[in-house]
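Colleague: Have a peek at coords22.txt (compact mmCIF, C-alpha atoms and all ligand atoms).
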# COMPACT_ATOMS: atom_id res chain seq x y z
CA MET A 1 24.10 0.55 4.44
CA THR A 2 22.44 0.70 1.02
CA ILE A 3 18.77 0.02 0.62
CA THR A 4 17.48 -0.89 -2.83
CA ILE A 5 13.86 -1.46 -3.69
CA THR A 6 12.28 -2.52 -6.95
CA ALA A 7 9.43 -0.78 -8.70
CA PHE A 8 7.60 -1.01 -12.01
CA GLU A 9 9.55 0.34 -14.93
CA ARG A 10 6.18 1.71 -15.96
CA SER A 11 3.34 1.51 -13.47
CA PRO A 12 -0.08 0.63 -14.92
CA ASP A 13 -1.62 3.49 -12.90
CA GLY A 14 0.50 6.07 -14.72
CA GLY A 15 1.83 7.57 -11.48
CA LYS A 16 -1.22 7.71 -9.19
CA GLY A 17 0.90 6.12 -6.48
CA LEU A 18 -1.18 2.95 -6.26
CA ALA A 19 1.64 0.54 -7.06
CA ARG A 20 2.95 -0.93 -3.84
CA ASP A 21 6.43 0.49 -4.06
CA THR A 22 4.82 3.77 -2.91
CA ARG A 23 4.06 2.42 0.57
CA VAL A 24 7.64 1.21 0.93
CA ARG A 25 9.02 4.53 -0.32
CA TRP A 26 6.71 6.25 2.18
CA ALA A 27 7.98 4.16 5.09
CA LEU A 28 11.58 4.83 4.06
CA GLU A 29 10.87 8.55 3.85
CA GLU A 30 9.20 8.54 7.27
CA ALA A 31 12.28 6.78 8.66
CA GLY A 32 14.61 9.24 6.92
CA LEU A 33 16.43 6.46 5.08
CA PRO A 34 17.97 7.03 1.64
CA TYR A 35 17.29 4.33 -0.92
CA ASP A 36 17.92 3.33 -4.49
CA VAL A 37 15.27 2.06 -6.87
CA ARG A 38 15.78 -0.59 -9.51
CA LEU A 39 13.07 -0.48 -12.15
CA VAL A 40 11.83 -3.76 -13.59
CA SER A 41 9.70 -4.49 -16.62
CA PHE A 42 6.78 -6.93 -16.48
CA ARG A 43 8.90 -9.42 -18.38
CA ALA A 44 11.95 -9.05 -16.12
CA MET A 45 9.74 -9.56 -13.05
CA LYS A 46 9.10 -13.14 -14.15
CA GLU A 47 12.71 -13.95 -15.00
CA PRO A 48 15.13 -15.86 -12.73
CA ALA A 49 17.10 -12.84 -11.49
CA HIS A 50 13.98 -11.19 -10.08
CA LEU A 51 12.35 -14.46 -9.01
CA ALA A 52 15.40 -15.05 -6.82
CA LEU A 53 14.34 -11.95 -4.89
CA HIS A 54 10.58 -12.37 -5.12
CA PRO A 55 9.21 -15.90 -5.51
CA PHE A 56 5.95 -14.61 -6.98
CA GLY A 57 7.62 -12.33 -9.51
CA GLN A 58 6.17 -9.10 -8.18
CA ILE A 59 7.29 -5.70 -6.94
CA PRO A 60 8.34 -4.32 -4.57
CA THR A 61 11.38 -6.09 -3.19
CA TYR A 62 13.76 -4.75 -0.58
CA GLU A 63 17.50 -5.36 -0.31
CA GLU A 64 19.68 -4.17 2.54
CA ASP A 65 23.11 -5.49 3.46
CA GLY A 66 22.47 -8.99 2.12
CA LEU A 67 18.91 -9.15 3.44
CA VAL A 68 16.25 -9.65 0.77
CA LEU A 69 12.59 -9.14 1.57
CA PHE A 70 9.34 -9.17 -0.34
CA GLU A 71 5.74 -8.45 0.83
CA THR A 72 5.08 -4.85 1.74
CA GLY A 73 3.82 -5.79 5.21
CA ALA A 74 7.12 -7.49 6.03
CA ILE A 75 9.12 -4.68 4.47
CA VAL A 76 7.33 -1.90 6.35
CA PHE A 77 7.53 -3.94 9.56
CA HIS A 78 11.28 -4.39 9.03
CA ILE A 79 11.81 -0.67 8.40
CA ALA A 80 9.81 0.13 11.52
CA THR A 81 11.52 -2.35 13.82
CA HIS A 82 15.05 -2.38 12.45
CA HIS A 83 15.28 1.36 11.91
CA GLY A 84 13.28 2.51 14.91
CA ALA A 85 10.54 4.38 13.10
CA LEU A 86 6.78 4.31 12.83
CA LEU A 87 6.10 2.26 15.95
CA PRO A 88 5.53 3.47 19.51
CA ARG A 89 8.01 2.51 22.24
CA ASP A 90 5.39 1.39 24.71
CA ASP A 91 4.92 -2.38 24.35
CA HIS A 92 1.15 -2.39 24.25
CA ALA A 93 0.88 0.60 21.93
CA ARG A 94 3.45 -1.03 19.66
CA ALA A 95 1.51 -4.30 19.56
CA ARG A 96 -1.67 -2.40 18.74
CA ALA A 97 0.03 -0.48 15.91
CA ILE A 98 1.28 -3.79 14.49
CA THR A 99 -2.24 -5.13 14.78
CA TRP A 100 -3.46 -2.28 12.55
CA LEU A 101 -0.72 -3.08 10.05
CA PHE A 102 -2.07 -6.63 9.83
CA ALA A 103 -5.66 -5.43 9.79
CA ALA A 104 -4.95 -3.19 6.83
CA LEU A 105 -3.45 -6.06 4.84
CA ASN A 106 -5.55 -9.00 6.01
CA THR A 107 -8.96 -7.54 6.68
CA VAL A 108 -9.37 -4.31 4.72
CA GLU A 109 -7.26 -4.83 1.61
CA PRO A 110 -8.75 -8.16 0.40
CA PRO A 111 -12.23 -6.87 -0.50
CA ILE A 112 -10.67 -3.73 -2.00
CA LEU A 113 -8.50 -5.89 -4.25
CA GLU A 114 -11.54 -7.96 -5.11
CA LEU A 115 -13.29 -4.77 -6.17
CA VAL A 116 -10.35 -3.71 -8.33
CA THR A 117 -10.50 -7.12 -10.01
CA ALA A 118 -14.28 -6.95 -10.49
CA ARG A 119 -14.24 -3.39 -11.87
CA ILE A 120 -11.06 -3.32 -13.92
CA PHE A 121 -9.92 -6.80 -14.87
CA GLU A 122 -13.34 -8.43 -15.11
CA GLY A 123 -15.41 -5.33 -15.86
CA ASP A 124 -16.20 -6.59 -19.36
CA LYS A 125 -17.54 -9.96 -18.22
CA PRO A 126 -21.28 -10.58 -18.61
CA TRP A 127 -21.71 -11.03 -14.86
CA ALA A 128 -19.76 -7.90 -13.86
CA LYS A 129 -22.93 -5.78 -13.51
CA GLU A 130 -24.25 -8.09 -10.81
CA ARG A 131 -20.94 -8.81 -9.15
CA VAL A 132 -19.58 -5.27 -8.69
CA PRO A 133 -22.38 -4.08 -6.34
CA LEU A 134 -21.93 -7.22 -4.22
CA VAL A 135 -18.23 -6.61 -3.82
CA GLU A 136 -18.84 -2.91 -3.14
CA GLU A 137 -21.05 -3.93 -0.22
CA ARG A 138 -18.27 -6.14 1.12
CA VAL A 139 -15.94 -3.15 1.01
CA ARG A 140 -18.48 -0.96 2.85
CA ASP A 141 -18.81 -3.67 5.49
CA ARG A 142 -15.13 -3.13 6.25
CA LEU A 143 -15.20 0.65 6.06
CA ASN A 144 -18.11 1.23 8.44
CA PRO A 145 -16.35 -0.33 11.46
CA LEU A 146 -13.20 1.55 10.56
CA VAL A 147 -15.13 4.83 10.65
CA ALA A 148 -16.58 3.85 14.03
CA ARG A 149 -13.15 3.06 15.43
CA LEU A 150 -11.44 6.14 14.05
CA GLY A 151 -14.14 8.47 15.37
CA ASP A 152 -12.75 12.00 15.68
CA ALA A 153 -9.15 10.89 16.01
CA ASP A 154 -6.49 11.75 13.48
CA TRP A 155 -4.93 8.28 13.52
CA LEU A 156 -6.03 4.79 14.45
CA ASP A 157 -4.27 4.54 17.80
CA GLY A 158 -2.46 7.60 19.12
CA ASP A 159 0.36 8.92 16.96
CA PHE A 160 0.76 8.12 13.27
CA SER A 161 2.24 4.62 12.96
CA ALA A 162 3.11 1.87 10.50
CA GLY A 163 -0.52 0.77 10.95
CA ASP A 164 -1.79 4.09 9.63
CA LEU A 165 0.75 4.11 6.81
CA MET A 166 -0.54 0.76 5.63
CA MET A 167 -4.22 1.55 6.19
CA VAL A 168 -4.00 4.82 4.25
CA SER A 169 -2.08 3.05 1.47
CA VAL A 170 -4.74 0.37 1.24
CA LEU A 171 -7.65 2.85 1.30
CA LEU A 172 -6.03 4.90 -1.45
CA ARG A 173 -6.68 2.04 -3.83
CA LEU A 174 -10.39 2.70 -3.38
CA ARG A 175 -10.27 6.22 -4.70
CA PRO A 176 -10.89 5.38 -8.39
CA SER A 177 -14.12 3.57 -7.42
CA GLY A 178 -15.60 6.67 -5.72
CA ILE A 179 -16.43 4.65 -2.59
CA LEU A 180 -13.95 6.52 -0.43
CA ASP A 181 -15.97 9.71 -0.94
CA GLU A 182 -19.00 8.01 0.64
CA PHE A 183 -16.99 7.97 3.88
CA PRO A 184 -15.90 11.54 4.68
CA THR A 185 -14.16 10.41 7.89
CA LEU A 186 -11.97 8.04 5.91
CA ALA A 187 -11.48 10.45 3.03
CA ALA A 188 -10.16 12.98 5.57
CA TYR A 189 -7.98 10.29 7.19
CA VAL A 190 -6.47 9.42 3.82
CA ALA A 191 -5.96 13.12 3.04
CA ARG A 192 -4.08 13.52 6.35
CA GLY A 193 -1.80 10.68 5.32
CA GLU A 194 -1.24 12.17 1.88
CA ALA A 195 -0.44 15.55 3.43
CA ARG A 196 2.53 14.16 5.33
CA PRO A 197 5.79 15.45 3.83
CA ALA A 198 7.18 11.91 3.73
CA TYR A 199 4.21 10.71 1.66
CA GLN A 200 4.58 13.64 -0.69
CA ARG A 201 8.26 12.85 -1.27
CA ALA A 202 7.40 9.19 -1.90
CA PHE A 203 4.59 10.12 -4.28
CA ALA A 204 6.74 12.61 -6.19
CA ALA A 205 9.54 10.05 -6.58
CA GLN A 206 7.27 7.44 -8.15
CA LEU A 207 5.52 10.08 -10.27
CA ALA A 208 8.84 11.18 -11.71
CA ILE A 209 9.13 7.68 -13.18
CA ASN A 210 5.52 7.01 -14.08
CA ALA A 211 3.96 10.26 -15.24
CA PRO A 212 2.85 9.99 -18.88
CA ALA A 213 5.36 12.73 -19.75
CA ALA A 214 8.15 10.40 -18.60
CA HIS A 215 7.04 7.92 -21.30
CA PRO A 216 6.26 9.96 -24.40
N1 LIG B 1 1.07 -8.94 -1.21
C1 LIG B 1 2.09 -8.34 -2.02
C2 LIG B 1 1.45 -7.94 -3.35
C3 LIG B 1 2.50 -7.49 -4.36
C4 LIG B 1 1.83 -7.09 -5.67
O1 LIG B 1 0.67 -7.48 -5.96
N2 LIG B 1 2.55 -6.33 -6.47
C5 LIG B 1 2.02 -5.89 -7.74
C6 LIG B 1 2.32 -4.41 -7.96
S1 LIG B 1 1.46 -3.38 -6.83
C7 LIG B 1 2.69 -6.64 -8.88
O2 LIG B 1 3.88 -6.83 -8.86
N3 LIG B 1 1.91 -7.01 -9.89
C8 LIG B 1 2.40 -7.65 -11.06
C9 LIG B 1 2.22 -9.14 -11.02
O3 LIG B 1 1.66 -9.67 -10.04
O4 LIG B 1 2.59 -9.77 -12.00
C10 LIG B 1 2.72 -7.15 -1.30
O5 LIG B 1 2.04 -6.52 -0.48
O6 LIG B 1 3.92 -6.85 -1.54
Would you mind giving the structure from this file in structure tokens?
Ligand SMILES: N[C@@H](CCC(=O)N[C@@H](CS)C(=O)NCC(=O)O)C(=O)O
Modeller:
Amino acid sequence: MTITITAFERSPDGGKGLARDTRVRWALEEAGLPYDVRLVSFRAMKEPAHLALHPFGQIPTYEEDGLVLFETGAIVFHIATHHGALLPRDDHARARAITWLFAALNTVEPPILELVTARIFEGDKPWAKERVPLVEERVRDRLNPLVARLGDADWLDGDFSAGDLMMVSVLLRLRPSGILDEFPTLAAYVARGEARPAYQRAFAAQLAINAPAAHP
């Protein structure tokens, strides 16, 4: 079995681990699965060979024994179910962990992505000054219930799961905005995720490609 994922030839974040191949690398590391990485340029991502793997011309993709997947939620879910990692055995606990995986992607990530767009891609627009605080409030509206649910626990529902992996990955994208620091419970939760040896291996692997020193 050979697993191959795709990643940016040169990530726009310069190796901060925010590109979505990091969450897939993390899941593979948690599952103890070796993998290869094929790097793609922005141009190659939109060309037929890559579009055959990913209809929207994005990274990451995942190939394994003739199976081709895109969408990090589907990829992490596949790694968890097919390779017996990151999900509890108990039926109900498993369903709840999967629920958190969906919640991370469908409920928490959208306003965070909206904020990234408002701050970075549209930050120079005349209306950005009014829009950014509105979107920030939408993000806080998602984070407050998450704090309430997490309480004093280390993870969202029992042991660390695919749901936590995705939630931490999604919350990490908030760090550049400073909003994560307004929520010490979540900042600590994210730090616990980052402290996991599997995350550190995943982070180091993407950094080796993306650190500015790798692209003099
Ligand atoms: N919902 C997708 C989003 C994939 C995505 O947005 N990938 C980014 C990198 S993190 C990308 O390829 N951006 C370049 C582009 O869209 O052209 C997933 O979770 O896999």
Colleague: Using all atoms listed in the file, which residues have at least one atom no more than 7 Å from ligand LIG 1 (chain B)? Output them as a PyMOL selection string.
Modeller: chain A and resi 18-21+42+57-60+70-73
Colleague: Would you write out those residues with C-alpha atoms, as a short mmCIF file (atom, residue, chain, number, x, y, z; two decimals), in the frame of the given file?
Modeller:
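Generated file (part03.cif):
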data_model
loop_
_atom_site.label_atom_id
_atom_site.label_comp_id
_atom_site.auth_asym_id
_atom_site.auth_seq_id
_atom_site.Cartn_x
_atom_site.Cartn_y
_atom_site.Cartn_z
CA LEU A 18 -1.18 2.95 -6.26
CA ALA A 19 1.64 0.54 -7.06
CA ARG A 20 2.95 -0.93 -3.84
CA ASP A 21 6.43 0.49 -4.06
CA PHE A 42 6.78 -6.93 -16.48
CA GLY A 57 7.62 -12.33 -9.51
CA GLN A 58 6.17 -9.10 -8.18
CA ILE A 59 7.29 -5.70 -6.94
CA PRO A 60 8.34 -4.32 -4.57
CA PHE A 70 9.34 -9.17 -0.34
CA GLU A 71 5.74 -8.45 0.83
CA THR A 72 5.08 -4.85 1.74
CA GLY A 73 3.82 -5.79 5.21
#
Colleague: Any idea what the distance is between CA of His215 in chain A and CA of Gly178 in chain A?
Modeller: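 Those two atoms sit 27.5 Å apart.
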Colleague: Which residues are near Gly84 in chain A? Cut-off 12 Å, only C-alpha atoms, ignore same chain within fewer than 3 positions. Put them as a count of residues only.
Modeller: 18
Colleague: Here is a test: counting all atoms listed in the file, which residue of A:Leu172, A:Ser41, A:Ile120, A:Asp181 is nearest to Glu9 in chain A?
Modeller: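 The answer is A:Ser41, which sits nearest to Glu9 in chain A.
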Colleague: Just checking: using only C-alpha atoms, which residue out of A:Thr99, A:Thr22, A:Thr6, A:Asn144 ends up closest to Phe203 in chain A?
Modeller: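 When distances to Phe203 in chain A are compared using only C-alpha atoms, the smallest one comes from A:Thr22.
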Colleague: Restricting the calculation to all atoms listed in the file, which member of A:Gly163, A:Gly151, A:Gly15, A:Pro55 is positioned closest to Ala85 in chain A?
Modeller: A:Gly163
Colleague: Between CA of Ala153 in chain A and CA of Pro184 in chain A, what is the distance, to one decimal in Å?
Modeller: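 Calculated distance between CA of Ala153 in chain A and CA of Pro184 in chain A is 13.2 Å.
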Colleague: Find the smallest box with edges along x, y and z containing every listed atom of range 112-119 of chain A, then add 3 Å on each side and report centre and edge lengths in Å to one decimal, as AutoDock Vina command-line options.
Modeller:
--center_x -11.4 --center_y -5.7 --center_z -6.9 --size_x 11.8 --size_y 10.6 --size_z 15.9
